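Novice: Sending over a structure as structure tokens; questions will come in a sec.
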Amino acid sequence: MNAADEHAWILDDVEAEGRGLHALASELFPLLRSITGEGLRQTLRTLGDGLPFTLHEVPSGTPIFDWTVPDEWNCRRAWIKDPQGQVVVDTADSNLHIMGYSLPLHEKMPLSRLQEHLYSLPEHEDLIPWKTSYYRRDWGFSLTDRRRRELVEGEYEVFIDAELKPGSLSYGEVVLPGRRSEEILISSHACHPSLANDNLSGLVVTRRLAQILAERPRRWTYRFVWAPGTVGSIAFLAGHEEILPRVRGGLVVAGVGDPGPLSYKRSREGRAQIDRIVERVLRRREKKYRVFPFTPDGYDERQYNSPGIGLPVGRLSRTPWGSYPQYHTSGDDLQFITPESLASSLAVLLEVCGQWEQGVYYRNLRSKGEPQLGRRGLYAALGGHRGRDEREAAMLWLLNFSDGSHSLADIEDESGIDRALLEEMAGILQEHELLSLED
Ligand code: ZN
């Protein structure tokens with residue numbers, strides 16, 4: 001690795017990157033996204049613009065593992081008029097007012113019946129909660145608790161200009177082929193309506209990462225997936241089972257725009273290469289960060305790490321989902337995400353890719369049992385000098401961990417042995433045809 005190479009994995013103009021990321025989030029913010037529909041489709045097309053992008057459409061009713069692709073939902077407008085005919089709730093003001101997958105409706109009803117379909121947050125009276133009902137046929141509106149308390153008795157007119165019928169589920173994919181067919185998977189969910197951190201932040205940051213990687217030579221193949229949460233990543237996996245053996249690891253990127261410190265959730269394996277790499281980058285770069293073990297909740301890491309899929313996929317976030325008051329409410333807006341946080345999340349991802357790209361990998365050519373070092377004169381190569389024990393240890397660490405999935409940096413981390421000594425001993429093992437350097 002030379003200095004110029006290392007430099008290539010540092011973000012050039014952090015401020016300009018931050019502004020660009022925030023501007024794209026602002027452009028996508030008004031679209032009414034859901035797990036299907038035009039808002040989702042338009043978001044995916046914008047993300048894929050200028051990249052080798054495929055928009056996948058999986059027809060409603062298609063079986064995907066234990067799931068079935070749902071009907072497609074589109075909502076053009078929804079509002080409520082009070083007894084005086086005044087509009088009191090309107091999706092023209094915020095997409096969050098309509099519950100996702102609400103059935104079409106145009107009816108008058110008393111306040112008491114309307115109340116059964118209203119959602120608000122008494123503990124945060126100025127925030128509109130985001131609600132969905134994907135699999136139970138229903139309708140509903142969200143509003144601030146302050147507005148809700150102002151509603152007077154009488155007849156309300158409720159209008160939902162929506163369609164729920166067979167169509168398709170959309171997800172987007174960008175593949176950047178590398179010298180090697182083994183892949184790194186980067187995935188972000190795309191199904192949330194006008195919410196900025198969860199998850200426009202993940203979408204715009206991974207899209208920019210794809211743009212940067214597309215412009216440079218690559219060792220590994222990178223696959224970016226932007227899909228609706230849960231059902232979308234399941235649709236992707238069901239349609240791509242043949243690639244799974246080639247995936248070396250990956251990341252779910254979600255909630256990376258808020259001002260909180262970065263957090264990393266490990267893959268189910270816990271010490272997979274992705275885990276070692278991300279933790280190394282965070283340790284080196286960030287003053288404050290948190291690392292969590294895998295749990296079968298959260299975002300699409302649940303699907304990628306499910307036992308029948310078994311991909312080592314970790315998750316990069318800032319403040320973990322559900323633990324900030326703006327989560328899934330109108331408080332998660334464009335002011336909540338900052339250009340600085342977006343850019344620094346991108347910088348971390350770029351360094352993670354740099355670690356993958358620049359990792360030095362050896363392969364133990366006599367890996368069944370330990371090779372017989374004495375017969376090859378390798379104990380003599382250790383010499384009589386002080387540090388003989390450490391030189392022997394370096395040799396054993398190299399032989400044991402040079403399995404193609406531990407880089408020299410990983411062996412350095414695991415063993416605590418100095419990099420220069422590992423390199424020297426690797427050279428000796430190569431001369432004795434016990435190690436080969438992988439491409
Ligand atoms: Zn969410």
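All residue names refer to the structure tokens as shown: chains lettered A, B, ... in order, residues numbered from 1 in each chain, ligands numbered from 1 in order.
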With a distance cut-off of 8 Å and only C-alpha atoms, select the neighbouring residues of Arg315 in chain A, excluding the residue or stretch itself and same-chain residues fewer than 3 positions from it, and output the selection as a PyMOL selection string.
Specialist: chain A and resi 251-254+264-267+301
Novice: Counting only C-alpha atoms and all ligand atoms, which protein, DNA or RNA residues come within 8 Å of ligand 1, given as JSON, numbers by chain?
Specialist: {"A": [192, 198, 199, 299, 321, 327, 328]}
Novice: Figure out the distance between CA of Gly85 in chain A and CA of Gly140 in chain A, please, to one decimal in Å.
Specialist: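 Atom-to-atom, CA of Gly140 in chain A and CA of Gly85 in chain A are spaced 19.4 Å apart.
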Novice: Write down as an MDAnalysis selection string the residues belonging to range 345-412 of chain A that are assigned alpha helix (DSSP H) by DSSP computed on the backbone.
Specialist: chainID A and resid 345:358 378:381 388:401 408:412
Novice: Please, which residues of range 273-349 of chain A, numbered as in this document, come out strand (DSSP E) from DSSP, as a ChimeraX atom specification?
Specialist: /A:289-292,313-317
Novice: Would you kindly return, as a PyMOL selection string, each protein, DNA or RNA residue with an atom no farther than 9 Å from any atom of Leu55 in chain A, considering only C-alpha atoms and excluding same-chain residues fewer than 6 positions away?
Specialist: chain A and resi 41+44-45+48+170-173
Novice: What does the distance from CA of Arg216 in chain A to CA of Gly249 in chain A come to in Å, to one decimal?
Specialist: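 Interatomic distance, CA of Arg216 in chain A to CA of Gly249 in chain A: 20.3 Å.
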Novice: Which residue gives the smallest distance to Gln273 in chain A among A:Gly404, A:Gly383, A:Pro261, A:Pro217, with only C-alpha atoms counted?
Specialist: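 Answer, going by the shortest atom-to-atom distance: A:Gly404.
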